[in-house]
Amino acid sequence: MFTKFAVLGDGAWGTAVALLLAQRPEHRVRIWSARETNGRLLREKRENVRLLPGVPIPESIVLTTDIKTALDGIDLAIAAIPTVYLRQTIERFAGRLPDNLPILSLAKGMEQKKFQRPTQLLHEVLGTTRLAALSGPSHAEEVSRGKPTSVVVASNDDELALDVQKALNSDRFRVYVNPDVVGVELAGALKNVIGVAAGICDGLGFGDNAKSALLTRALVEMTRFGVASGGDPATFAGLAGLGDLITTCVSPHGRNRRVGERLGRGEKLADILASMAQVAEGVYTARSVHLRAATMGIETPIMSEVYRVLYEDKPPLAAVQDLMIRQPKKEW
């Protein structure tokens, strides 16, 4: 049973999970900030003013930038670092964690260089085999304010998955267990690419018909890619797949959807990213998935068009038109 936690990363989702854990009096929670300026601001304000304004951080949560303080005596490390920064940040912990300390990953993306899932990267850098991934429809803006949420934890270690479930489960945060780590992590990464596509639909002024068709056909692509990579098709119909896909594509909180919306309205990607405080994982995952799908011979028309809009400067409307005039085919 876990009672002492270190959340590595002070972003919105990491902060929200720390707040969840701190609700139980027996839990001891720390948040580690990678940057001194961020850590100082958190300690001064006791609030993540940039990402979760108006949500106080209780005094029971220790805020630190010191790795030794963060790790001292903990039962579970929680990696809350965007995938694009995960390797360079987590390398700072190499050789400093207790042997085979269990780690829970909150990241939803794929490393571009090696196309590694977050738990694969954590294993390579830190050596631990006790790894789990948390995913599902879970905007930090809602979780931190106590709005009902259901997610899934995936691990090859059944005991670890159950311990994470016990630590996080509450009357406002329901946690399911799934043994399909590959499917859960891929679903969490792929849905971000589709989130960009959904935003493009919104930016172009399309309606509900287009959004519904996009989500339906996108789920087919996600499942096709995930199964070819070793995932379970059922996972993509669950919380990590369909559930998170819906939230990402319709919510005003969705940063990937927001990027797509601005692209659809004619803004340039570089300007959009420069103006954002948070990382839109789908932008980076789109490139990785496009290259991987081509190598594996997997058909991913929607995600391929997102890639072309992001990296080949293809006009969003032209991408939609090319999807619509593809050769007609059977649905199944």
# chains A, B, ... in the order shown; residues from 1 in each chain; ligands from 1

call {"tool": "residues_around", "arguments": {"residues": "A:Gln23", "least_positions_apart": "2", "cutoff": "12 Å", "atoms": "only C-alpha atoms", "output": "VMD selection string"}}
result
chain A and resid 3 16 to 21 25 to 29 57 to 61 144 146 167 to 173

call {"tool": "residues_around", "arguments": {"residues": "A:Val164", "least_positions_apart": "6", "cutoff": "12 Å", "atoms": "only C-alpha atoms", "output": "JSON, numbers by chain"}}
result
{"A": [1, 2, 3, 4, 5, 17, 21, 75, 76, 77, 78, 102, 103, 104, 105, 130, 131, 132, 133, 134, 151, 152, 153, 154, 155, 157, 158, 170, 174, 175, 176, 177, 178]}

call {"tool": "write_last_selection", "arguments": {"atoms": "C-alpha atoms", "output": "compact mmCIF listing (two decimals), in the first residue's frame"}}
result
# COMPACT_ATOMS: atom_id res chain seq x y z
CA MET A 1 0.00 0.00 0.00
CA PHE A 2 1.36 3.41 -1.00
CA THR A 3 1.34 6.37 1.41
CA LYS A 4 4.33 8.52 0.34
CA PHE A 5 4.37 10.02 -3.16
CA VAL A 17 -2.96 14.26 -9.21
CA LEU A 21 -3.59 12.11 -3.35
CA ASP A 75 6.67 4.50 -2.04
CA LEU A 76 5.70 5.69 -5.55
CA ALA A 77 7.20 8.13 -8.03
CA ILE A 78 4.76 9.76 -10.44
CA PRO A 102 7.54 1.74 -8.75
CA ILE A 103 6.81 4.58 -11.18
CA LEU A 104 3.45 5.77 -12.49
CA SER A 105 3.53 7.65 -15.81
CA ARG A 130 7.70 -1.77 -11.89
CA LEU A 131 5.88 0.62 -14.20
CA ALA A 132 2.29 1.73 -14.72
CA ALA A 133 0.49 4.27 -16.89
CA LEU A 134 -2.57 6.36 -16.01
CA VAL A 151 -9.68 6.82 -15.74
CA VAL A 152 -7.71 3.62 -16.23
CA VAL A 153 -4.37 2.44 -14.86
CA ALA A 154 -2.39 -0.07 -16.93
CA SER A 155 0.51 -2.23 -15.83
CA ASP A 157 2.40 -5.81 -12.68
CA ASP A 158 -1.08 -6.64 -11.33
CA SER A 170 -12.35 8.13 -4.58
CA ARG A 174 -12.92 6.38 -10.30
CA VAL A 175 -9.97 4.22 -11.40
CA TYR A 176 -10.27 1.06 -13.50
CA VAL A 177 -7.47 -1.46 -14.12
CA ASN A 178 -6.33 -2.67 -17.55

call {"tool": "residues_around", "arguments": {"residues": "A:Arg257", "least_positions_apart": "6", "cutoff": "8 Å", "atoms": "only C-alpha atoms", "output": "list in words"}}
result
Gly195, Val196, Ala197, Ala198, Gly199, Ile200, Thr248, Cys249, Val250 and Ser251 of chain A

call {"tool": "residues_around", "arguments": {"residues": "A:Arg326", "least_positions_apart": "6", "cutoff": "12 Å", "atoms": "only C-alpha atoms", "output": "MDAnalysis selection string"}}
result
chainID A and resid 301:302 319:320

call {"tool": "write_last_selection", "arguments": {"atoms": "N, CA and C atoms", "output": "mmCIF file, in the first residue's frame"}}
result
data_model
loop_
_atom_site.group_PDB
_atom_site.id
_atom_site.type_symbol
_atom_site.label_atom_id
_atom_site.label_comp_id
_atom_site.auth_asym_id
_atom_site.auth_seq_id
_atom_site.Cartn_x
_atom_site.Cartn_y
_atom_site.Cartn_z
ATOM 1 N N PRO A 301 -5.199 7.656 -42.800
ATOM 2 C CA PRO A 301 -5.443 8.852 -43.619
ATOM 3 C C PRO A 301 -5.660 10.132 -42.819
ATOM 4 N N ILE A 302 -6.417 10.066 -41.731
ATOM 5 C CA ILE A 302 -6.676 11.283 -40.955
ATOM 6 C C ILE A 302 -5.392 11.788 -40.303
ATOM 7 N N ALA A 319 -6.710 19.621 -46.857
ATOM 8 C CA ALA A 319 -6.563 18.321 -46.192
ATOM 9 C C ALA A 319 -7.922 17.658 -46.010
ATOM 10 N N VAL A 320 -8.920 18.452 -45.609
ATOM 11 C CA VAL A 320 -10.271 17.911 -45.432
ATOM 12 C C VAL A 320 -10.835 17.447 -46.769
#

call {"tool": "closest_residue", "arguments": {"among": "A:Pro252, A:Gly207, A:Pro137, A:Pro179", "to": "A:Asn156", "atoms": "only C-alpha atoms"}}
result
A:Pro179

call {"tool": "select_by_dssp", "arguments": {"residues": "stretch 118-287 of chain A", "states": "strand (DSSP E or B)", "output": "list in words"}}
result
Leu131, Ala132, Ala133, Leu134, Ser135, Thr149, Ser150, Val151, Val152, Val153, Ala154, Ser155, Phe173, Arg174, Val175, Tyr176, Val177 and Asn178 of chain A

call {"tool": "atom_distance", "arguments": {"atom1": "atom CA of A:Tyr85", "atom2": "atom CA of A:Gly254"}}
result
19.6 Å

call {"tool": "closest_residue", "arguments": {"among": "A:Leu310, A:Leu273, A:Ala228, A:Val143", "to": "A:Val182", "atoms": "only C-alpha atoms"}}
result
A:Ala228

call {"tool": "closest_residue", "arguments": {"among": "A:Arg224, A:Lys114, A:Lys108, A:His123", "to": "A:Trp13", "atoms": "only C-alpha atoms"}}
result
A:Lys108

call {"tool": "atom_distance", "arguments": {"atom1": "atom CA of A:Thr300", "atom2": "atom CA of A:Glu221"}}
result
5.6 Å

call {"tool": "closest_residue", "arguments": {"among": "A:Leu242, A:Glu111, A:Ser275, A:Leu63", "to": "A:Lys45", "atoms": "only C-alpha atoms"}}
result
A:Leu63

call {"tool": "residues_around", "arguments": {"residues": "A:Gly282", "least_positions_apart": "2", "cutoff": "9 Å", "atoms": "only C-alpha atoms", "output": "PyMOL selection string"}}
result
chain A and resi 108-109+189-196+256+279-280+284-287

call {"tool": "write_last_selection", "arguments": {"atoms": "C-alpha atoms", "output": "short mmCIF file (atom, residue, chain, number, x, y, z; two decimals), in the first residue's frame"}}
result
data_model
loop_
_atom_site.label_atom_id
_atom_site.label_comp_id
_atom_site.auth_asym_id
_atom_site.auth_seq_id
_atom_site.Cartn_x
_atom_site.Cartn_y
_atom_site.Cartn_z
CA LYS A 108 0.28 10.94 -23.18
CA GLY A 109 2.68 10.97 -26.10
CA ALA A 189 -0.88 9.47 -27.61
CA LEU A 190 -2.92 8.95 -30.77
CA LYS A 191 -6.04 10.73 -29.54
CA ASN A 192 -3.98 13.93 -29.27
CA VAL A 193 -3.30 13.84 -33.02
CA ILE A 194 -7.02 13.48 -33.65
CA GLY A 195 -7.61 16.36 -31.24
CA VAL A 196 -5.70 18.59 -33.67
CA ASN A 256 -4.50 19.92 -29.03
CA VAL A 279 2.65 21.40 -24.40
CA ALA A 280 0.35 20.15 -27.17
CA TYR A 284 4.93 16.03 -31.88
CA THR A 285 3.14 12.68 -31.90
CA ALA A 286 1.75 13.41 -35.38
CA ARG A 287 5.23 13.32 -36.86
#

call {"tool": "select_by_dssp", "arguments": {"residues": "stretch 79-323 of chain A", "states": "helix (DSSP H, G or I)", "output": "PyMOL selection string"}}
result
chain A and resi 83-93+118-126+140-143+158-168+181-203+208-228+233-236+239-250+255-264+269-274+281-296+301-311+316-323

call {"tool": "closest_residue", "arguments": {"among": "A:Glu159, A:Glu261, A:Asp244, A:Glu124", "to": "A:Ile90", "atoms": "only C-alpha atoms"}}
result
A:Glu124

call {"tool": "residues_around", "arguments": {"residues": "A:Pro118", "least_positions_apart": "6", "cutoff": "7 Å", "atoms": "only C-alpha atoms", "output": "MDAnalysis selection string"}}
result
chainID A and resid 83 105 107 110

call {"tool": "write_last_selection", "arguments": {"atoms": "N, CA and C atoms", "output": "mmCIF file, in the first residue's frame"}}
result
data_model
loop_
_atom_site.group_PDB
_atom_site.id
_atom_site.type_symbol
_atom_site.label_atom_id
_atom_site.label_comp_id
_atom_site.auth_asym_id
_atom_site.auth_seq_id
_atom_site.Cartn_x
_atom_site.Cartn_y
_atom_site.Cartn_z
ATOM 1 N N THR A 83 5.985 14.162 -22.726
ATOM 2 C CA THR A 83 6.866 13.192 -23.381
ATOM 3 C C THR A 83 8.025 13.862 -24.106
ATOM 4 N N SER A 105 3.397 6.627 -14.767
ATOM 5 C CA SER A 105 3.530 7.649 -15.807
ATOM 6 C C SER A 105 2.178 8.297 -16.089
ATOM 7 N N ALA A 107 2.150 10.676 -18.690
ATOM 8 C CA ALA A 107 2.364 11.274 -20.010
ATOM 9 C C ALA A 107 1.491 10.623 -21.071
ATOM 10 N N MET A 110 4.416 10.088 -27.520
ATOM 11 C CA MET A 110 5.452 9.145 -27.957
ATOM 12 C C MET A 110 6.746 9.911 -28.153
#

call {"tool": "closest_residue", "arguments": {"among": "A:Leu106, A:Ala213, A:Cys201, A:Ala22", "to": "A:Gly188", "atoms": "only C-alpha atoms"}}
result
A:Leu106

call {"tool": "atom_distance", "arguments": {"atom1": "atom CA of A:Thr65", "atom2": "atom CA of A:Val283"}}
result
28.6 Å
